[in-house]
file final.tsv (TSV, C-alpha atoms)
chain	number	residue	atom	x	y	z
U	7	MET	CA	-77.53	55.43	-3.55
U	8	GLU	CA	-75.67	53.31	-6.08
U	9	GLN	CA	-74.06	55.00	-9.02
U	10	THR	CA	-75.66	54.10	-12.30
U	11	GLN	CA	-73.77	51.75	-14.59
U	12	THR	CA	-72.69	53.29	-17.83
U	13	ALA	CA	-71.05	51.91	-20.90
U	14	THR	CA	-69.12	52.55	-23.99
U	15	SER	CA	-70.57	52.08	-27.42
U	16	PRO	CA	-68.68	51.17	-30.54
U	17	ARG	CA	-66.89	53.98	-32.32
U	18	THR	CA	-67.16	54.46	-36.01
U	19	SER	CA	-63.51	55.48	-36.29
U	20	PRO	CA	-60.54	54.78	-34.04
U	21	GLN	CA	-59.47	57.39	-31.54
U	22	PRO	CA	-55.78	58.33	-31.43
U	23	VAL	CA	-53.59	56.76	-28.77
U	24	PHE	CA	-50.58	58.79	-27.73
U	25	GLY	CA	-47.15	57.30	-27.10
U	26	ARG	CA	-47.33	57.84	-23.34
U	27	ALA	CA	-50.29	55.45	-23.10
U	28	TRP	CA	-48.26	52.68	-24.78
U	29	VAL	CA	-45.36	53.33	-22.37
U	30	MET	CA	-47.73	53.00	-19.42
U	31	LEU	CA	-49.13	49.78	-20.93
U	32	GLY	CA	-45.63	48.36	-21.35
U	33	ILE	CA	-44.61	49.11	-17.77
U	34	ALA	CA	-47.89	47.71	-16.42
U	35	THR	CA	-47.50	44.51	-18.46
U	36	LEU	CA	-43.93	44.13	-17.17
U	37	GLY	CA	-45.20	44.55	-13.61
U	38	PHE	CA	-47.89	41.94	-14.15
U	39	ALA	CA	-45.32	39.46	-15.52
U	40	VAL	CA	-42.84	40.09	-12.68
U	41	ASN	CA	-45.48	39.71	-9.97
U	42	PHE	CA	-46.87	36.57	-11.59
U	43	TRP	CA	-43.33	35.18	-11.71
U	44	ALA	CA	-43.15	35.70	-7.94
U	45	TRP	CA	-46.67	34.34	-7.42
U	46	ALA	CA	-45.72	31.03	-9.08
U	47	LEU	CA	-42.43	30.41	-7.23
U	48	LEU	CA	-43.72	27.61	-5.01
U	49	SER	CA	-45.53	25.64	-7.71
U	50	PRO	CA	-42.43	24.15	-9.41
U	51	LEU	CA	-40.80	23.42	-6.03
U	52	GLY	CA	-43.68	21.47	-4.50
U	53	PRO	CA	-42.80	18.09	-6.09
U	54	LEU	CA	-39.10	18.71	-5.38
U	55	PHE	CA	-39.78	19.31	-1.68
U	56	ARG	CA	-41.67	16.03	-1.55
U	57	GLU	CA	-39.01	14.08	-3.43
U	58	ARG	CA	-36.11	15.37	-1.31
U	59	GLY	CA	-37.94	15.36	1.99
U	60	THR	CA	-36.79	18.95	2.55
U	61	LEU	CA	-39.86	19.79	4.63
U	62	GLY	CA	-40.36	16.35	6.10
U	63	SER	CA	-42.53	13.55	4.75
U	64	LEU	CA	-45.13	15.09	2.42
U	65	ASP	CA	-47.95	13.38	0.53
U	66	GLU	CA	-49.79	14.61	-2.55
U	67	SER	CA	-52.37	16.53	-0.54
U	68	ASP	CA	-49.60	18.36	1.33
U	69	VAL	CA	-47.96	19.40	-1.94
U	70	ALA	CA	-51.34	20.42	-3.38
U	71	LEU	CA	-51.99	22.68	-0.37
U	72	LEU	CA	-48.52	24.20	-0.63
U	73	VAL	CA	-49.09	25.08	-4.29
U	74	ALA	CA	-52.70	26.14	-3.85
U	75	VAL	CA	-52.39	28.60	-0.94
U	76	PRO	CA	-50.74	31.49	-2.86
U	77	VAL	CA	-53.12	31.04	-5.79
U	78	ILE	CA	-56.26	31.02	-3.66
U	79	VAL	CA	-55.15	34.02	-1.58
U	80	GLY	CA	-54.08	35.94	-4.69
U	81	SER	CA	-57.37	35.22	-6.42
U	82	ILE	CA	-59.57	36.29	-3.51
U	83	GLY	CA	-57.31	39.26	-2.71
U	84	ARG	CA	-58.05	40.74	-6.13
U	85	ILE	CA	-61.49	41.73	-4.90
U	86	LEU	CA	-60.09	44.19	-2.36
U	87	VAL	CA	-57.08	45.28	-4.44
U	88	GLY	CA	-59.25	46.02	-7.47
U	89	ALA	CA	-61.48	48.28	-5.41
U	90	LEU	CA	-58.45	50.00	-3.87
U	91	THR	CA	-57.04	50.61	-7.36
U	92	ASP	CA	-60.24	52.39	-8.34
U	93	ARG	CA	-59.63	54.70	-5.39
U	94	TYR	CA	-55.86	55.20	-5.35
U	95	GLY	CA	-54.80	54.39	-8.91
U	96	GLY	CA	-52.18	52.11	-10.41
U	97	ARG	CA	-49.39	54.60	-9.78
U	98	VAL	CA	-49.72	53.86	-6.06
U	99	MET	CA	-50.91	50.26	-6.16
U	100	PHE	CA	-48.36	48.73	-8.59
U	101	PRO	CA	-45.26	49.68	-6.55
U	102	SER	CA	-47.15	48.90	-3.33
U	103	VAL	CA	-48.10	45.36	-4.38
U	104	SER	CA	-44.59	44.73	-5.74
U	105	ALA	CA	-42.92	46.00	-2.57
U	106	LEU	CA	-45.21	44.01	-0.28
U	107	THR	CA	-44.46	40.84	-2.26
U	108	ILE	CA	-40.75	41.15	-1.43
U	109	VAL	CA	-41.42	40.48	2.27
U	110	PRO	CA	-42.83	36.92	1.96
U	111	ILE	CA	-40.24	36.06	-0.70
U	112	LEU	CA	-37.39	36.90	1.67
U	113	PHE	CA	-39.21	35.14	4.51
U	114	ILE	CA	-39.45	31.94	2.45
U	115	ALA	CA	-35.82	32.24	1.33
U	116	PHE	CA	-34.32	32.55	4.82
U	117	VAL	CA	-36.93	31.19	7.26
U	118	GLY	CA	-39.79	29.36	5.55
U	119	GLN	CA	-37.81	26.45	4.13
U	120	SER	CA	-37.10	25.09	7.59
U	121	SER	CA	-40.69	23.96	8.17
U	122	TYR	CA	-43.74	22.95	6.13
U	123	TRP	CA	-46.07	25.23	8.08
U	124	LEU	CA	-43.66	28.16	7.90
U	125	ILE	CA	-43.54	27.87	4.12
U	126	ILE	CA	-47.35	27.63	4.07
U	127	ALA	CA	-47.44	30.89	6.03
U	128	GLY	CA	-45.00	32.45	3.56
U	129	GLY	CA	-47.09	31.18	0.66
U	130	PHE	CA	-50.19	32.74	2.19
U	131	ALA	CA	-48.52	36.17	2.22
U	132	LEU	CA	-47.03	35.54	-1.24
U	133	GLY	CA	-50.59	35.53	-2.56
U	134	VAL	CA	-50.45	39.34	-2.66
U	135	ALA	CA	-48.42	39.05	-5.89
U	136	GLY	CA	-51.42	37.51	-7.65
U	137	THR	CA	-53.49	40.64	-7.03
U	138	ALA	CA	-51.39	42.63	-9.54
U	139	PHE	CA	-53.86	41.65	-12.26
U	140	ALA	CA	-56.61	43.66	-10.57
U	141	VAL	CA	-54.29	46.68	-10.48
U	142	GLY	CA	-53.37	46.64	-14.16
U	143	VAL	CA	-56.77	46.30	-15.80
U	144	PRO	CA	-58.32	49.55	-14.44
U	145	PHE	CA	-54.97	51.34	-14.84
U	146	VAL	CA	-54.67	50.39	-18.53
U	147	ASN	CA	-58.39	50.89	-19.14
U	148	ALA	CA	-58.15	54.55	-18.06
U	149	TRP	CA	-55.25	55.26	-20.44
U	150	PHE	CA	-56.97	54.05	-23.64
U	151	PRO	CA	-60.08	55.18	-25.51
U	152	PRO	CA	-63.05	52.79	-25.69
U	153	ASP	CA	-62.22	51.48	-29.17
U	154	ARG	CA	-58.70	50.42	-28.12
U	155	ARG	CA	-59.32	49.02	-24.64
U	156	GLY	CA	-59.86	45.43	-25.74
U	157	LEU	CA	-56.45	45.26	-27.42
U	158	ALA	CA	-54.70	47.16	-24.62
U	159	ILE	CA	-56.13	45.00	-21.82
U	160	GLY	CA	-55.42	41.89	-23.89
U	161	ILE	CA	-51.77	42.91	-24.23
U	162	PHE	CA	-51.62	43.53	-20.49
U	163	GLY	CA	-53.17	40.12	-19.88
U	164	SER	CA	-50.35	38.42	-21.77
U	165	GLY	CA	-48.23	39.22	-18.72
U	166	MET	CA	-49.67	36.01	-17.27
U	167	GLY	CA	-46.81	34.41	-19.16
U	168	GLY	CA	-44.70	35.45	-16.17
U	169	THR	CA	-45.61	32.10	-14.68
U	170	ALA	CA	-43.56	30.50	-17.45
U	171	ILE	CA	-40.44	32.32	-16.18
U	172	SER	CA	-40.93	30.61	-12.84
U	173	ALA	CA	-41.56	27.23	-14.44
U	174	LEU	CA	-38.38	27.47	-16.55
U	175	THR	CA	-35.99	28.90	-13.95
U	176	THR	CA	-37.02	28.11	-10.37
U	177	VAL	CA	-36.02	24.45	-10.11
U	178	ARG	CA	-32.81	24.98	-12.09
U	179	LEU	CA	-31.73	27.83	-9.83
U	180	TYR	CA	-32.75	25.96	-6.68
U	181	THR	CA	-30.79	22.82	-7.57
U	182	GLY	CA	-27.92	24.40	-9.48
U	183	VAL	CA	-27.15	27.61	-7.58
U	184	GLY	CA	-28.70	27.34	-4.14
U	185	LYS	CA	-32.02	27.02	-2.38
U	186	THR	CA	-32.33	30.77	-1.76
U	187	SER	CA	-31.28	31.84	-5.27
U	188	PRO	CA	-34.67	31.83	-7.06
U	189	PHE	CA	-36.19	33.87	-4.23
U	190	LEU	CA	-33.36	36.38	-4.00
U	191	ILE	CA	-33.30	36.96	-7.76
U	192	THR	CA	-37.07	37.47	-7.85
U	193	ALA	CA	-36.90	39.83	-4.87
U	194	ALA	CA	-34.20	41.89	-6.57
U	195	VAL	CA	-36.29	42.16	-9.74
U	196	LEU	CA	-39.30	43.24	-7.67
U	197	VAL	CA	-37.22	45.92	-5.91
U	198	ALA	CA	-36.11	47.29	-9.28
U	199	TYR	CA	-39.67	47.24	-10.62
U	200	ALA	CA	-41.16	48.87	-7.51
U	201	VAL	CA	-38.69	51.75	-7.78
U	202	MET	CA	-39.12	52.13	-11.55
U	203	SER	CA	-42.92	52.02	-11.40
U	204	TRP	CA	-42.99	54.62	-8.60
U	205	LEU	CA	-40.79	56.95	-10.64
U	206	VAL	CA	-42.32	56.41	-14.09
U	207	LEU	CA	-45.93	55.28	-13.80
U	208	ARG	CA	-48.61	57.96	-13.88
U	209	ASP	CA	-52.36	57.58	-13.73
U	210	ALA	CA	-54.28	58.67	-16.82
U	211	PRO	CA	-55.30	62.34	-16.98
U	212	GLY	CA	-58.93	62.74	-16.02
U	213	ARG	CA	-59.10	59.33	-14.30
U	214	THR	CA	-62.48	58.88	-12.63
U	215	VAL	CA	-62.09	58.49	-8.87
U	216	PRO	CA	-65.02	57.02	-6.91
U	217	THR	CA	-66.35	59.07	-4.03
U	218	THR	CA	-68.39	56.40	-2.22
U	219	PRO	CA	-66.81	54.42	0.65
U	220	LEU	CA	-65.02	51.14	-0.12
U	221	MET	CA	-67.48	48.99	1.82
U	222	THR	CA	-70.33	50.53	-0.14
U	223	ARG	CA	-68.67	49.99	-3.51
U	224	LEU	CA	-67.77	46.31	-2.95
U	225	PRO	CA	-71.36	45.03	-2.64
U	226	GLY	CA	-72.47	47.54	-5.25
U	227	ASN	CA	-69.97	46.13	-7.75
U	228	ALA	CA	-71.09	42.59	-6.96
U	229	ARG	CA	-74.70	43.47	-7.77
U	230	LEU	CA	-73.95	44.77	-11.28
U	231	PRO	CA	-75.28	42.37	-13.96
U	232	ILE	CA	-71.98	42.47	-15.86
U	233	THR	CA	-70.13	41.25	-12.77
U	234	TRP	CA	-71.78	37.87	-12.39
U	235	GLN	CA	-71.94	37.40	-16.16
U	236	ALA	CA	-68.22	38.10	-16.59
U	237	CYS	CA	-67.42	35.92	-13.56
U	238	ILE	CA	-68.98	32.94	-15.32
U	239	LEU	CA	-67.27	33.74	-18.62
U	240	TYR	CA	-63.85	34.15	-17.04
U	241	ALA	CA	-64.21	31.13	-14.76
U	242	VAL	CA	-64.70	28.99	-17.87
U	243	ALA	CA	-62.09	30.71	-20.09
U	244	PHE	CA	-59.23	31.49	-17.72
U	245	GLY	CA	-60.21	28.67	-15.37
U	246	GLY	CA	-59.99	26.28	-18.32
U	247	TYR	CA	-56.57	27.65	-19.24
U	248	VAL	CA	-55.27	27.24	-15.67
U	249	ALA	CA	-56.74	23.75	-15.42
U	250	PHE	CA	-55.11	22.56	-18.64
U	251	SER	CA	-51.77	24.18	-17.83
U	252	VAL	CA	-51.77	22.34	-14.48
U	253	TYR	CA	-53.34	19.01	-15.49
U	254	LEU	CA	-52.37	18.53	-19.14
U	255	PRO	CA	-48.96	16.90	-18.44
U	256	ALA	CA	-50.55	14.29	-16.15
U	257	TYR	CA	-53.33	13.67	-18.68
U	258	LEU	CA	-50.90	13.19	-21.57
U	259	LYS	CA	-48.62	10.89	-19.56
U	260	THR	CA	-51.51	8.74	-18.40
U	261	ASP	CA	-53.75	8.65	-21.47
U	262	TYR	CA	-51.11	8.78	-24.23
U	263	ALA	CA	-48.07	7.29	-22.44
U	264	LEU	CA	-45.86	10.27	-23.23
U	265	THR	CA	-42.58	10.85	-21.43
U	266	PRO	CA	-42.63	13.61	-18.78
U	267	ALA	CA	-40.40	15.79	-20.97
U	268	ASP	CA	-42.64	15.39	-24.03
U	269	ALA	CA	-45.77	16.07	-21.99
U	270	ALA	CA	-44.18	19.21	-20.48
U	271	ASN	CA	-43.19	20.49	-23.92
U	272	ARG	CA	-46.72	20.04	-25.24
U	273	MET	CA	-48.12	21.82	-22.19
U	274	ALA	CA	-45.71	24.69	-22.87
U	275	GLY	CA	-47.04	24.91	-26.44
U	276	PHE	CA	-50.59	25.05	-25.08
U	277	VAL	CA	-49.65	27.92	-22.73
U	278	VAL	CA	-47.85	29.90	-25.45
U	279	VAL	CA	-50.83	29.69	-27.82
U	280	ALA	CA	-53.24	30.80	-25.08
U	281	VAL	CA	-51.04	33.74	-24.04
U	282	VAL	CA	-50.58	34.94	-27.63
U	283	MET	CA	-54.30	34.74	-28.34
U	284	ARG	CA	-55.33	36.81	-25.34
U	285	PRO	CA	-54.52	40.20	-26.95
U	286	VAL	CA	-55.90	38.87	-30.24
U	287	GLY	CA	-59.23	38.25	-28.49
U	288	GLY	CA	-59.21	41.81	-27.18
U	289	TRP	CA	-58.33	43.24	-30.60
U	290	LEU	CA	-61.10	41.25	-32.31
U	291	SER	CA	-63.54	42.49	-29.67
U	292	ASP	CA	-62.62	46.09	-30.48
U	293	ARG	CA	-63.34	45.44	-34.16
U	294	PHE	CA	-66.39	43.17	-34.05
U	295	GLY	CA	-67.68	43.45	-30.50
U	296	PRO	CA	-67.08	41.07	-27.59
U	297	VAL	CA	-70.25	38.99	-28.01
U	298	PRO	CA	-69.36	37.31	-31.36
U	299	VAL	CA	-65.77	36.75	-30.20
U	300	LEU	CA	-66.93	35.15	-26.96
U	301	ALA	CA	-69.54	33.00	-28.70
U	302	ALA	CA	-66.98	31.78	-31.26
U	303	SER	CA	-64.38	31.09	-28.56
U	304	TYR	CA	-66.64	28.96	-26.39
U	305	GLY	CA	-68.00	27.27	-29.52
U	306	VAL	CA	-64.48	26.11	-30.37
U	307	VAL	CA	-64.12	24.74	-26.82
U	308	VAL	CA	-67.38	22.81	-27.25
U	309	VAL	CA	-66.02	21.09	-30.36
U	310	GLY	CA	-62.43	20.71	-29.14
U	311	ALA	CA	-63.37	19.12	-25.81
U	312	GLY	CA	-65.86	16.83	-27.56
U	313	VAL	CA	-63.19	15.67	-30.01
U	314	ALA	CA	-60.63	15.16	-27.23
U	315	ALA	CA	-63.14	13.06	-25.29
U	316	THR	CA	-63.11	10.45	-28.10
U	317	HIS	CA	-59.35	9.85	-27.50
U	318	PRO	CA	-58.20	10.69	-31.03
U	319	LEU	CA	-54.68	10.16	-32.36
U	320	LEU	CA	-52.57	12.73	-30.57
U	321	GLU	CA	-50.19	13.46	-33.44
U	322	HIS	CA	-52.98	14.64	-35.69
U	323	ILE	CA	-56.52	15.34	-34.52
U	324	GLY	CA	-55.71	15.40	-30.80
U	325	THR	CA	-52.99	18.06	-31.13
U	326	VAL	CA	-55.24	20.23	-33.29
U	327	ALA	CA	-58.08	19.89	-30.77
U	328	PHE	CA	-55.95	20.93	-27.79
U	329	LEU	CA	-54.23	23.82	-29.56
U	330	ALA	CA	-57.61	25.05	-30.85
U	331	MET	CA	-58.93	25.01	-27.29
U	332	ALA	CA	-55.81	26.89	-26.12
U	333	ALA	CA	-56.42	29.59	-28.74
U	334	ALA	CA	-60.12	29.79	-27.86
U	335	LEU	CA	-59.55	29.98	-24.09
U	336	GLY	CA	-56.93	32.72	-24.58
U	337	ALA	CA	-59.15	34.73	-26.93
U	338	GLY	CA	-62.13	34.26	-24.61
U	339	SER	CA	-60.14	35.59	-21.66
U	340	GLY	CA	-59.15	38.69	-23.63
U	341	ALA	CA	-62.69	39.22	-24.89
U	342	THR	CA	-64.12	38.98	-21.36
U	343	PHE	CA	-62.18	42.03	-20.20
U	344	ALA	CA	-62.95	43.87	-23.43
U	345	LEU	CA	-66.59	43.28	-22.48
U	346	ILE	CA	-66.02	44.66	-18.98
U	347	ALA	CA	-64.31	47.77	-20.38
U	348	ARG	CA	-67.23	48.31	-22.76
U	349	VAL	CA	-70.12	48.14	-20.31
U	350	THR	CA	-68.69	49.18	-16.94
U	351	GLU	CA	-68.44	52.66	-15.48
U	352	PRO	CA	-64.70	53.57	-15.42
U	353	SER	CA	-64.68	54.22	-11.66
U	354	ARG	CA	-65.90	50.64	-11.11
U	355	VAL	CA	-63.62	48.76	-13.53
U	356	GLY	CA	-61.11	47.86	-10.80
U	357	GLY	CA	-63.76	46.55	-8.43
U	358	VAL	CA	-65.46	44.49	-11.13
U	359	THR	CA	-62.09	43.24	-12.39
U	360	GLY	CA	-61.19	42.08	-8.89
U	361	LEU	CA	-64.34	40.01	-8.57
U	362	VAL	CA	-64.02	38.56	-12.07
U	363	GLY	CA	-60.31	37.86	-11.63
U	364	ALA	CA	-61.07	36.00	-8.42
U	365	ALA	CA	-63.64	33.87	-10.22
U	366	GLY	CA	-61.13	33.00	-12.94
U	367	GLY	CA	-58.37	32.09	-10.51
U	368	LEU	CA	-60.63	29.92	-8.38
U	369	GLY	CA	-62.24	28.40	-11.46
U	370	GLY	CA	-58.93	26.81	-12.38
U	371	PHE	CA	-59.02	24.55	-9.33
U	372	VAL	CA	-62.32	22.83	-9.96
U	373	PRO	CA	-61.59	21.03	-13.28
U	374	PRO	CA	-58.33	19.30	-12.17
U	375	LEU	CA	-59.98	18.07	-8.98
U	376	LEU	CA	-63.00	16.88	-10.93
U	377	MET	CA	-60.91	15.21	-13.64
U	378	GLY	CA	-58.81	13.41	-11.03
U	379	TYR	CA	-61.92	12.30	-9.12
U	380	VAL	CA	-63.65	10.97	-12.23
U	381	TYR	CA	-60.51	9.23	-13.51
U	382	GLY	CA	-59.90	7.57	-10.16
U	383	ARG	CA	-63.32	5.92	-10.37
U	384	THR	CA	-63.69	5.25	-14.10
U	385	ASP	CA	-60.11	5.06	-15.48
U	386	SER	CA	-61.28	7.49	-18.17
U	387	TYR	CA	-60.86	11.19	-18.83
U	388	ALA	CA	-63.70	11.22	-21.36
U	389	ILE	CA	-66.40	12.08	-18.82
U	390	GLY	CA	-64.47	15.12	-17.60
U	391	LEU	CA	-63.87	16.35	-21.16
U	392	TRP	CA	-67.54	15.90	-22.06
U	393	MET	CA	-68.44	17.93	-18.97
U	394	LEU	CA	-66.14	20.71	-20.22
U	395	SER	CA	-67.83	20.56	-23.63
U	396	ILE	CA	-71.29	20.82	-22.04
U	397	THR	CA	-70.19	23.68	-19.78
U	398	ALA	CA	-68.82	25.58	-22.78
U	399	ALA	CA	-72.09	24.98	-24.67
U	400	VAL	CA	-74.11	26.43	-21.77
U	401	THR	CA	-71.73	29.40	-21.76
U	402	VAL	CA	-72.36	30.00	-25.47
U	403	VAL	CA	-76.09	30.18	-24.72
U	404	LEU	CA	-75.42	32.65	-21.90
U	405	VAL	CA	-73.34	34.84	-24.26
U	406	VAL	CA	-75.86	35.03	-27.11
U	407	THR	CA	-78.80	35.68	-24.76
U	408	VAL	CA	-78.11	37.34	-21.41
U	409	VAL	CA	-74.70	38.89	-22.18
U	410	SER	CA	-75.87	40.13	-25.57
U	411	ARG	CA	-78.86	41.86	-23.93
U	412	THR	CA	-76.53	43.51	-21.39
U	413	VAL	CA	-74.34	44.91	-24.18
U	414	ASN	CA	-77.32	46.10	-26.20
U	415	THR	CA	-78.87	47.75	-23.15
U	416	GLN	CA	-75.68	49.63	-22.33
U	417	SER	CA	-74.90	50.64	-25.91
U	418	SER	CA	-77.36	53.52	-25.65
U	419	ALA	CA	-75.67	54.93	-22.53
U	420	PRO	CA	-73.20	57.83	-22.77
U	421	ILE	CA	-69.70	56.98	-23.85
U	422	GLN	CA	-67.16	57.25	-21.05
U	423	PRO	CA	-63.77	58.62	-22.03
call {"tool": "encode", "arguments": {"input": "final.tsv", "output": "structure tokens"}}
result
Amino acid sequence: MEQTQTATSPRTSPQPVFGRAWVMLGIATLGFAVNFWAWALLSPLGPLFRERGTLGSLDESDVALLVAVPVIVGSIGRILVGALTDRYGGRVMFPSVSALTIVPILFIAFVGQSSYWLIIAGGFALGVAGTAFAVGVPFVNAWFPPDRRGLAIGIFGSGMGGTAISALTTVRLYTGVGKTSPFLITAAVLVAYAVMSWLVLRDAPGRTVPTTPLMTRLPGNARLPITWQACILYAVAFGGYVAFSVYLPAYLKTDYALTPADAANRMAGFVVVAVVMRPVGGWLSDRFGPVPVLAASYGVVVVGAGVAATHPLLEHIGTVAFLAMAAALGAGSGATFALIARVTEPSRVGGVTGLVGAAGGLGGFVPPLLMGYVYGRTDSYAIGLWMLSITAAVTVVLVVTVVSRTVNTQSSAPIQP
């Protein structure tokens, strides 16, 4: 028999958070950033491999597959890793994921770069690094009281900025120091983190451990109403963030004739705003509830994408539109996991997080493919941006109707510590 889904209801006054919880949050966020750094190692190198012919003659589809394999595997792998974290806790899973990631990194450094298919195989195994997200959310959730979980999980989520470390350092190390250097440095950092997390991390006192078998919990988690609702929300919010961070430079170079350097700098600004706003979205959800924060976030995307579709002047209206969307997508991502923490039984948070995280990671691949397809046939990005605006509008309706009813239904359930 399935366990009943319980929820947390808003508190009238904040509960105290002891210093040890903040230490655990800091170490978890560091682990998320380090693993995401490793997860993104191949992305900056894909175009370089093609340009230099290091792996033979590659076309765009070959490079796309090389970059996509770790992301897809990491996204889908979150489903299993999230459920395992519910069972074994972050104290076991964080060092385990970090240690396992070292193996494919060393394989790529010393073996994989001799062949395209060997590096694809290494990238497949490297996907394990992307599952760290599904470890951290239930771990952090258990350490904080209900009225602080939105902020705490939002702060943890800012560790996604670890991908920026890879973007800024990988190519420079590869070309300036040696082709194994970015991999060896990342492996060394992962070794240090795996040891530190094993010695320092501790699961929260009183953590709820599920007693049902894994293969029973996985379909049970998938059937929870909050799971499919949050999957849609996160696919739009985090998927939109991933899509823009991948596709924005190409869009700006093509539609606004910017130099590659200028386009990359503007993309970096978009990423920074989104990362900073993720904990803000969680904090606002703690104060005002996740539903109004989510509705406002997707509402901003509706307007921002609609404005961008009209091809406004980039230096004024266009920049404001894109940065507003970055802020909204970041806040929406943080609010989504504040919602999960509020209405999900603690012993199921990891399993639900895994499914939702997978939806977000995979959601980032659809918009770039769609934008490229539409542009190739119409020479216009407007249709793709209008589709984003319409999708966000439908999501607003989902939030204020179905999601709102889910929150209201669970608000009368007992508060889980």
call {"tool": "atom_distance", "arguments": {"input": "final.tsv", "atom1": "CA of Val282 in chain U", "atom2": "CA of Ala89 in chain U"}}
result
28.1 Å
call {"tool": "residues_around", "arguments": {"input": "final.tsv", "residues": "Tyr247 in chain U", "least_positions_apart": "2", "cutoff": "12 Å", "atoms": "only C-alpha atoms", "output": "PDB file with C-alpha atoms, in the coordinates of the input"}}
result
ATOM      1  CA  MET U 166     -49.670  36.010 -17.270  1.00  0.00           C
ATOM      2  CA  GLY U 167     -46.810  34.410 -19.160  1.00  0.00           C
ATOM      3  CA  TYR U 240     -63.850  34.150 -17.040  1.00  0.00           C
ATOM      4  CA  ALA U 241     -64.210  31.130 -14.760  1.00  0.00           C
ATOM      5  CA  VAL U 242     -64.700  28.990 -17.870  1.00  0.00           C
ATOM      6  CA  ALA U 243     -62.090  30.710 -20.090  1.00  0.00           C
ATOM      7  CA  PHE U 244     -59.230  31.490 -17.720  1.00  0.00           C
ATOM      8  CA  GLY U 245     -60.210  28.670 -15.370  1.00  0.00           C
ATOM      9  CA  ALA U 249     -56.740  23.750 -15.420  1.00  0.00           C
ATOM     10  CA  PHE U 250     -55.110  22.560 -18.640  1.00  0.00           C
ATOM     11  CA  SER U 251     -51.770  24.180 -17.830  1.00  0.00           C
ATOM     12  CA  VAL U 252     -51.770  22.340 -14.480  1.00  0.00           C
ATOM     13  CA  TYR U 253     -53.340  19.010 -15.490  1.00  0.00           C
ATOM     14  CA  LEU U 254     -52.370  18.530 -19.140  1.00  0.00           C
ATOM     15  CA  MET U 273     -48.120  21.820 -22.190  1.00  0.00           C
ATOM     16  CA  ALA U 274     -45.710  24.690 -22.870  1.00  0.00           C
ATOM     17  CA  PHE U 276     -50.590  25.050 -25.080  1.00  0.00           C
ATOM     18  CA  VAL U 277     -49.650  27.920 -22.730  1.00  0.00           C
ATOM     19  CA  VAL U 278     -47.850  29.900 -25.450  1.00  0.00           C
ATOM     20  CA  VAL U 279     -50.830  29.690 -27.820  1.00  0.00           C
ATOM     21  CA  ALA U 280     -53.240  30.800 -25.080  1.00  0.00           C
ATOM     22  CA  VAL U 281     -51.040  33.740 -24.040  1.00  0.00           C
ATOM     23  CA  MET U 283     -54.300  34.740 -28.340  1.00  0.00           C
ATOM     24  CA  ARG U 284     -55.330  36.810 -25.340  1.00  0.00           C
ATOM     25  CA  VAL U 307     -64.120  24.740 -26.820  1.00  0.00           C
ATOM     26  CA  PHE U 328     -55.950  20.930 -27.790  1.00  0.00           C
ATOM     27  CA  LEU U 329     -54.230  23.820 -29.560  1.00  0.00           C
ATOM     28  CA  ALA U 330     -57.610  25.050 -30.850  1.00  0.00           C
ATOM     29  CA  MET U 331     -58.930  25.010 -27.290  1.00  0.00           C
ATOM     30  CA  ALA U 332     -55.810  26.890 -26.120  1.00  0.00           C
ATOM     31  CA  ALA U 333     -56.420  29.590 -28.740  1.00  0.00           C
ATOM     32  CA  ALA U 334     -60.120  29.790 -27.860  1.00  0.00           C
ATOM     33  CA  LEU U 335     -59.550  29.980 -24.090  1.00  0.00           C
ATOM     34  CA  GLY U 336     -56.930  32.720 -24.580  1.00  0.00           C
ATOM     35  CA  ALA U 337     -59.150  34.730 -26.930  1.00  0.00           C
ATOM     36  CA  GLY U 338     -62.130  34.260 -24.610  1.00  0.00           C
ATOM     37  CA  SER U 339     -60.140  35.590 -21.660  1.00  0.00           C
ATOM     38  CA  GLY U 366     -61.130  33.000 -12.940  1.00  0.00           C
ATOM     39  CA  GLY U 367     -58.370  32.090 -10.510  1.00  0.00           C
ATOM     40  CA  LEU U 368     -60.630  29.920  -8.380  1.00  0.00           C
ATOM     41  CA  GLY U 369     -62.240  28.400 -11.460  1.00  0.00           C
ATOM     42  CA  GLY U 370     -58.930  26.810 -12.380  1.00  0.00           C
ATOM     43  CA  PHE U 371     -59.020  24.550  -9.330  1.00  0.00           C
ATOM     44  CA  VAL U 372     -62.320  22.830  -9.960  1.00  0.00           C
ATOM     45  CA  PRO U 373     -61.590  21.030 -13.280  1.00  0.00           C
ATOM     46  CA  PRO U 374     -58.330  19.300 -12.170  1.00  0.00           C
ATOM     47  CA  LEU U 394     -66.140  20.710 -20.220  1.00  0.00           C
TER      48      LEU U 394
END
call {"tool": "closest_residue", "arguments": {"input": "final.tsv", "among": "U:Gly312, U:Leu36, U:Ile238, U:Gly305", "to": "Gly163 in chain U", "atoms": "only C-alpha atoms"}}
result
U:Leu36
call {"tool": "axis_aligned_box", "arguments": {"input": "final.tsv", "around": "range 268-274 of chain U", "padding_each_side": "5 Å", "output": "JSON"}}
result
{"center_x": -45.4, "center_y": 20.0, "center_z": -22.9, "size_x": 15.5, "size_y": 19.3, "size_z": 14.8}
call {"tool": "residues_near_point", "arguments": {"input": "final.tsv", "point": "(-62.9, 43.2, -21.2)", "cutoff": "9 Å", "atoms": "only C-alpha atoms", "output": "number ranges by chain"}}
result
U: 143, 155-156, 159-160, 236, 288, 291, 296, 339-349, 359
call {"tool": "closest_residue", "arguments": {"input": "final.tsv", "among": "U:Leu391, U:Ala301, U:Leu290, U:Ile108", "to": "Ala314 in chain U", "atoms": "all atoms listed in the file"}}
result
U:Leu391
call {"tool": "decode", "arguments": {"input": "final.tsv", "residues": "range 298-302 of chain U", "atoms": "C-alpha atoms", "output": "compact mmCIF listing (two decimals), in the first residue's frame"}}
result
# COMPACT_ATOMS: atom_id res chain seq x y z
CA PRO U 298 2.23 33.56 -6.10
CA VAL U 299 6.00 33.41 -6.74
CA LEU U 300 5.55 30.83 -9.50
CA ALA U 301 2.64 32.71 -11.08
CA ALA U 302 4.61 35.98 -11.08
